[in-house]
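Shown next: final_14.txt, containing compact mmCIF, C-alpha atoms.
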```
# COMPACT_ATOMS: atom_id res chain seq x y z
CA MET P 168 -47.10 156.45 -115.92
CA ILE P 169 -44.41 154.10 -114.67
CA ARG P 170 -45.20 152.36 -111.43
CA ARG P 171 -42.27 151.68 -109.19
CA PRO P 172 -42.19 148.54 -107.05
CA PRO P 173 -42.96 148.86 -103.33
CA ALA P 174 -40.07 150.06 -101.21
CA PRO P 175 -38.20 147.49 -99.12
CA LEU P 176 -39.66 148.98 -95.92
CA ALA P 177 -43.21 148.26 -97.10
CA LEU P 178 -42.29 144.68 -97.96
CA LEU P 179 -40.61 144.23 -94.57
CA THR P 180 -43.72 145.59 -92.86
CA ALA P 181 -45.92 143.10 -94.70
CA LEU P 182 -43.51 140.28 -93.85
CA ALA P 183 -43.47 141.30 -90.16
CA LEU P 184 -47.27 141.26 -90.10
CA LEU P 185 -47.37 137.80 -91.67
CA LEU P 186 -44.69 136.40 -89.38
CA GLY P 187 -46.41 137.91 -86.35
CA LEU P 188 -49.67 136.22 -87.29
CA VAL P 189 -47.98 132.85 -87.83
CA ALA P 190 -45.96 133.16 -84.62
CA SER P 191 -48.98 134.07 -82.53
CA ALA P 192 -51.00 131.20 -83.98
CA PHE P 193 -48.44 128.46 -83.40
CA TRP P 194 -45.69 129.72 -81.13
CA SER P 195 -45.21 132.86 -79.14
CA PRO P 196 -41.65 133.63 -78.06
CA GLY P 197 -41.09 135.49 -74.83
CA CYS P 198 -39.59 138.94 -74.61
CA PRO P 199 -35.92 138.72 -73.55
CA LEU P 200 -36.06 142.15 -71.88
CA ARG P 201 -39.13 141.22 -69.84
CA GLU P 202 -37.71 137.84 -68.89
CA ARG P 203 -34.49 139.40 -67.57
CA THR P 204 -35.71 142.69 -66.08
CA GLY P 205 -39.49 142.43 -65.65
CA LEU P 206 -39.94 145.60 -67.75
CA LYS P 207 -42.20 145.68 -70.80
CA CYS P 208 -40.48 146.82 -73.99
CA PRO P 209 -42.41 148.83 -76.62
CA GLY P 210 -42.93 145.61 -78.58
CA CYS P 211 -44.25 143.39 -75.77
CA GLY P 212 -47.61 141.91 -76.75
CA ALA P 213 -47.24 142.87 -80.41
CA GLY P 214 -47.88 139.35 -81.71
CA ARG P 215 -51.04 138.98 -79.66
CA ALA P 216 -52.12 142.49 -80.67
CA MET P 217 -51.70 141.71 -84.39
CA GLU P 218 -53.65 138.50 -83.96
CA ALA P 219 -56.49 140.37 -82.23
CA TRP P 220 -56.57 143.15 -84.84
CA LEU P 221 -56.65 140.62 -87.69
CA ALA P 222 -59.44 138.71 -85.90
CA GLY P 223 -61.48 141.91 -85.81
CA ASP P 224 -61.16 142.64 -82.08
CA PRO P 225 -59.72 146.19 -81.83
CA GLY P 226 -60.27 146.35 -78.06
CA ALA P 227 -58.05 143.35 -77.39
CA GLY P 228 -55.53 144.53 -79.96
CA THR P 229 -55.23 147.88 -78.24
CA TYR P 230 -55.02 146.21 -74.83
CA TRP P 231 -52.08 144.01 -75.79
CA ASN P 232 -50.10 146.76 -77.52
CA ALA P 233 -51.57 150.16 -78.31
CA MET P 234 -48.79 151.03 -80.79
CA VAL P 235 -49.03 148.04 -83.16
CA LEU P 236 -51.66 149.33 -85.57
CA PRO P 237 -50.46 152.96 -85.69
CA GLY P 238 -46.86 151.75 -86.01
CA LEU P 239 -47.60 149.34 -88.86
CA LEU P 240 -49.67 151.95 -90.70
CA LEU P 241 -46.91 154.51 -90.30
CA LEU P 242 -44.22 152.08 -91.50
CA ALA P 243 -46.34 151.03 -94.47
CA ALA P 244 -46.99 154.65 -95.41
CA ALA P 245 -43.30 155.47 -95.05
CA GLY P 246 -42.37 152.53 -97.25
CA PHE P 247 -44.44 153.82 -100.16
CA ARG P 248 -43.10 157.36 -99.95
CA LYS P 249 -39.76 158.91 -100.57
CA PRO P 250 -37.29 158.39 -97.73
CA TRP P 251 -37.97 160.59 -94.74
CA LYS P 252 -35.80 163.65 -94.50
CA GLY P 253 -35.35 165.67 -91.37
CA PRO P 254 -36.59 164.74 -87.91
CA GLY P 255 -39.17 162.09 -88.95
CA TRP P 256 -37.19 159.10 -87.67
CA LEU P 257 -36.19 161.01 -84.55
CA VAL P 258 -39.86 161.72 -83.77
CA LEU P 259 -40.74 158.05 -84.35
CA ALA P 260 -37.92 156.94 -82.03
CA GLY P 261 -39.06 159.44 -79.38
CA VAL P 262 -42.68 158.24 -79.54
CA THR P 263 -41.54 154.61 -79.29
CA LEU P 264 -39.28 155.34 -76.34
CA GLY P 265 -42.03 157.37 -74.65
CA PHE P 266 -44.49 154.51 -75.10
CA GLY P 267 -41.96 152.09 -73.61
CA VAL P 268 -41.59 154.30 -70.53
CA LEU P 269 -45.34 154.94 -70.21
CA ARG P 270 -46.32 151.28 -70.24
CA ASN P 271 -43.99 150.55 -67.32
CA LEU P 272 -45.53 153.19 -65.04
CA PRO P 273 -47.85 151.85 -62.30
CA PHE P 274 -50.93 153.74 -63.51
CA TYR P 275 -50.80 152.39 -67.10
CA LEU P 276 -53.85 150.09 -67.24
CA LEU P 277 -53.17 148.18 -70.45
CA TYR P 278 -50.80 145.20 -70.78
```
Structure translated into structure tokens:
Amino acid sequence: MIRRPPAPLALLTALALLLGLVASAFWSPGCPLRERTGLKCPGCGAGRAMEAWLAGDPGAGTYWNAMVLPGLLLLAAAGFRKPWKGPGWLVLAGVTLGFGVLRNLPFYLLY
């Protein structure tokens, strides 16, 4: 059986995880959207969430950004499969947009 190398999306996911860990350990850039509008984007807190998950604190990781772990797992799984056909990317974009709206509502209790 011939093994094919990991897809570029899987490698980019691993690189994003590594860069997020390094950035959260030494330097944490601010979110341009939050600085200008006060709204939290779907990625706000992702660096701190990755750091918490890698430190073994799932509660803090979920608090900072509830979509980091599911998003990384989904991207890694997608990177090792054939390219998505059909509405897969549209569903992912809809979930991301929905999460961005939800976290800006007054009753959302997480960061």
* Have a look at P:Leu276, P:Met217, P:Cys211, P:Val262 and name the one nearest to Ala181 (chain P); count all atoms listed in the file. =>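 Smallest separation from Ala181 (chain P) among the options: P:Met217.
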Residues near region 234-243 of chain P, anyone? I mean within 10 Å using only C-alpha atoms, not counting same-chain ones fewer than 3 positions away, as an mmCIF file with C-alpha atoms, keeping the file's coordinate frame.
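Result file is out01.cif:
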```cif
data_model
loop_
_atom_site.group_PDB
_atom_site.id
_atom_site.type_symbol
_atom_site.label_atom_id
_atom_site.label_comp_id
_atom_site.auth_asym_id
_atom_site.auth_seq_id
_atom_site.Cartn_x
_atom_site.Cartn_y
_atom_site.Cartn_z
ATOM 1 C CA PRO P 173 -42.960 148.860 -103.330
ATOM 2 C CA ALA P 174 -40.070 150.060 -101.210
ATOM 3 C CA LEU P 176 -39.660 148.980 -95.920
ATOM 4 C CA ALA P 177 -43.210 148.260 -97.100
ATOM 5 C CA LEU P 178 -42.290 144.680 -97.960
ATOM 6 C CA LEU P 179 -40.610 144.230 -94.570
ATOM 7 C CA THR P 180 -43.720 145.590 -92.860
ATOM 8 C CA ALA P 181 -45.920 143.100 -94.700
ATOM 9 C CA ALA P 183 -43.470 141.300 -90.160
ATOM 10 C CA LEU P 184 -47.270 141.260 -90.100
ATOM 11 C CA PRO P 209 -42.410 148.830 -76.620
ATOM 12 C CA GLY P 210 -42.930 145.610 -78.580
ATOM 13 C CA CYS P 211 -44.250 143.390 -75.770
ATOM 14 C CA GLY P 212 -47.610 141.910 -76.750
ATOM 15 C CA ALA P 213 -47.240 142.870 -80.410
ATOM 16 C CA GLY P 214 -47.880 139.350 -81.710
ATOM 17 C CA ARG P 215 -51.040 138.980 -79.660
ATOM 18 C CA ALA P 216 -52.120 142.490 -80.670
ATOM 19 C CA MET P 217 -51.700 141.710 -84.390
ATOM 20 C CA TRP P 220 -56.570 143.150 -84.840
ATOM 21 C CA PRO P 225 -59.720 146.190 -81.830
ATOM 22 C CA GLY P 228 -55.530 144.530 -79.960
ATOM 23 C CA THR P 229 -55.230 147.880 -78.240
ATOM 24 C CA TYR P 230 -55.020 146.210 -74.830
ATOM 25 C CA TRP P 231 -52.080 144.010 -75.790
ATOM 26 C CA GLY P 246 -42.370 152.530 -97.250
ATOM 27 C CA PHE P 247 -44.440 153.820 -100.160
ATOM 28 C CA ARG P 248 -43.100 157.360 -99.950
ATOM 29 C CA LEU P 259 -40.740 158.050 -84.350
ATOM 30 C CA VAL P 262 -42.680 158.240 -79.540
ATOM 31 C CA THR P 263 -41.540 154.610 -79.290
ATOM 32 C CA PHE P 266 -44.490 154.510 -75.100
ATOM 33 C CA GLY P 267 -41.960 152.090 -73.610
#
```
* Asked: Quick one: of P:Ala244, P:Leu269, P:Leu221, P:Leu257, who's nearest to Cys208 (chain P), counting all atoms listed in the file?
  ->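 Counting all atoms listed in the file, the residue closest to Cys208 (chain P) is P:Leu269.
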* **Pick from P:Ala233, P:Val258, P:Gly223, P:Leu206 nearest to Leu272 (chain P), counting all atoms listed in the file** =>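 Comparing P:Ala233, P:Val258, P:Gly223, P:Leu206 against Leu272 (chain P), the winner is P:Leu206.
Take the candidates P:Glu202, P:Lys207, P:Gly226, P:Trp256 and check each one against Tyr278 (chain P) using all atoms listed in the file; the shortest distance goes to P:Lys207.
One distance worth recording is that between CA of Glu218 (chain P) and CA of Tyr275 (chain P), which is 22.0 Å.
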* Could you please determine the separation between CA of Asn232 (chain P) and CA of Leu277 (chain P) in Å, to one decimal place? =>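 Pair CA of Asn232 (chain P) / CA of Leu277 (chain P) returns 7.8 Å.
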* To do: State, in Å with one decimal place, the distance from CA of Pro273 (chain P) to CA of Ala227 (chain P).
  =>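 Between CA of Pro273 (chain P) and CA of Ala227 (chain P) the gap is 20.1 Å.
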* Which residues come within 10 Å of Gly205 (chain P), counting all atoms listed in the file, excluding same-chain residues fewer than 6 positions away, as a ChimeraX atom specification? -> /P:198-199,271
Will you model N, CA and C atoms for region 198-234 of chain P and pass it back as a short mmCIF file (atom, residue, chain, number, x, y, z; two decimals), in the coordinates of the input?
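Dumped everything to part_3.cif:
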```cif
data_model
loop_
_atom_site.label_atom_id
_atom_site.label_comp_id
_atom_site.auth_asym_id
_atom_site.auth_seq_id
_atom_site.Cartn_x
_atom_site.Cartn_y
_atom_site.Cartn_z
N CYS P 198 -40.40 137.74 -74.43
CA CYS P 198 -39.59 138.94 -74.61
C CYS P 198 -38.33 138.81 -73.75
N PRO P 199 -37.14 138.86 -74.34
CA PRO P 199 -35.92 138.72 -73.55
C PRO P 199 -35.76 139.83 -72.51
N LEU P 200 -36.16 141.05 -72.85
CA LEU P 200 -36.06 142.15 -71.88
C LEU P 200 -36.97 141.91 -70.68
N ARG P 201 -38.19 141.47 -70.94
CA ARG P 201 -39.13 141.22 -69.84
C ARG P 201 -38.70 140.03 -69.01
N GLU P 202 -38.17 139.01 -69.64
CA GLU P 202 -37.71 137.84 -68.89
C GLU P 202 -36.56 138.18 -67.95
N ARG P 203 -35.67 139.08 -68.38
CA ARG P 203 -34.49 139.40 -67.57
C ARG P 203 -34.72 140.53 -66.58
N THR P 204 -35.56 141.52 -66.94
CA THR P 204 -35.71 142.69 -66.08
C THR P 204 -37.11 142.85 -65.49
N GLY P 205 -38.12 142.24 -66.10
CA GLY P 205 -39.49 142.43 -65.65
C GLY P 205 -40.14 143.66 -66.28
N LEU P 206 -39.40 144.42 -67.08
CA LEU P 206 -39.94 145.60 -67.75
C LEU P 206 -40.52 145.24 -69.10
N LYS P 207 -41.58 145.92 -69.48
CA LYS P 207 -42.20 145.68 -70.80
C LYS P 207 -41.54 146.60 -71.83
N CYS P 208 -41.06 146.01 -72.91
CA CYS P 208 -40.48 146.82 -73.99
C CYS P 208 -41.61 147.36 -74.86
N PRO P 209 -41.34 148.30 -75.76
CA PRO P 209 -42.41 148.83 -76.62
C PRO P 209 -43.04 147.77 -77.52
N GLY P 210 -42.39 146.64 -77.72
CA GLY P 210 -42.93 145.61 -78.58
C GLY P 210 -43.63 144.47 -77.86
N CYS P 211 -43.62 144.47 -76.53
CA CYS P 211 -44.25 143.39 -75.77
C CYS P 211 -45.74 143.31 -76.11
N GLY P 212 -46.21 142.12 -76.42
CA GLY P 212 -47.61 141.91 -76.75
C GLY P 212 -47.95 142.19 -78.20
N ALA P 213 -46.96 142.50 -79.02
CA ALA P 213 -47.24 142.87 -80.41
C ALA P 213 -47.82 141.71 -81.22
N GLY P 214 -47.34 140.51 -80.99
CA GLY P 214 -47.88 139.35 -81.71
C GLY P 214 -49.34 139.11 -81.38
N ARG P 215 -49.65 139.17 -80.08
CA ARG P 215 -51.04 138.98 -79.66
C ARG P 215 -51.92 140.14 -80.15
N ALA P 216 -51.35 141.34 -80.18
CA ALA P 216 -52.12 142.49 -80.67
C ALA P 216 -52.43 142.34 -82.16
N MET P 217 -51.45 141.90 -82.95
CA MET P 217 -51.70 141.71 -84.39
C MET P 217 -52.75 140.63 -84.62
N GLU P 218 -52.66 139.56 -83.83
CA GLU P 218 -53.65 138.50 -83.96
C GLU P 218 -55.05 139.02 -83.65
N ALA P 219 -55.18 139.82 -82.60
CA ALA P 219 -56.49 140.37 -82.23
C ALA P 219 -57.00 141.33 -83.29
N TRP P 220 -56.14 142.21 -83.81
CA TRP P 220 -56.57 143.15 -84.84
C TRP P 220 -57.03 142.40 -86.09
N LEU P 221 -56.28 141.37 -86.49
CA LEU P 221 -56.65 140.62 -87.69
C LEU P 221 -57.91 139.78 -87.48
N ALA P 222 -58.21 139.44 -86.22
CA ALA P 222 -59.44 138.71 -85.90
C ALA P 222 -60.63 139.65 -85.78
N GLY P 223 -60.39 140.95 -85.87
CA GLY P 223 -61.48 141.91 -85.81
C GLY P 223 -61.84 142.35 -84.40
N ASP P 224 -60.91 142.24 -83.46
CA ASP P 224 -61.16 142.64 -82.08
C ASP P 224 -60.23 143.81 -81.72
N PRO P 225 -60.61 145.05 -82.08
CA PRO P 225 -59.72 146.19 -81.83
C PRO P 225 -59.49 146.46 -80.34
N GLY P 226 -60.45 146.13 -79.49
CA GLY P 226 -60.27 146.35 -78.06
C GLY P 226 -59.14 145.51 -77.50
N ALA P 227 -59.13 144.23 -77.85
CA ALA P 227 -58.05 143.35 -77.39
C ALA P 227 -56.73 143.73 -78.04
N GLY P 228 -56.76 144.12 -79.30
CA GLY P 228 -55.53 144.53 -79.96
C GLY P 228 -54.90 145.75 -79.31
N THR P 229 -55.73 146.70 -78.92
CA THR P 229 -55.23 147.88 -78.24
C THR P 229 -54.76 147.54 -76.84
N TYR P 230 -55.44 146.61 -76.17
CA TYR P 230 -55.02 146.21 -74.83
C TYR P 230 -53.62 145.61 -74.85
N TRP P 231 -53.37 144.70 -75.77
CA TRP P 231 -52.08 144.01 -75.79
C TRP P 231 -50.94 144.94 -76.15
N ASN P 232 -51.13 145.80 -77.15
CA ASN P 232 -50.10 146.76 -77.52
C ASN P 232 -50.76 147.87 -78.32
N ALA P 233 -50.85 149.05 -77.70
CA ALA P 233 -51.57 150.16 -78.31
C ALA P 233 -50.83 150.77 -79.50
N MET P 234 -49.56 150.42 -79.71
CA MET P 234 -48.79 151.03 -80.79
C MET P 234 -48.67 150.16 -82.04
#
```
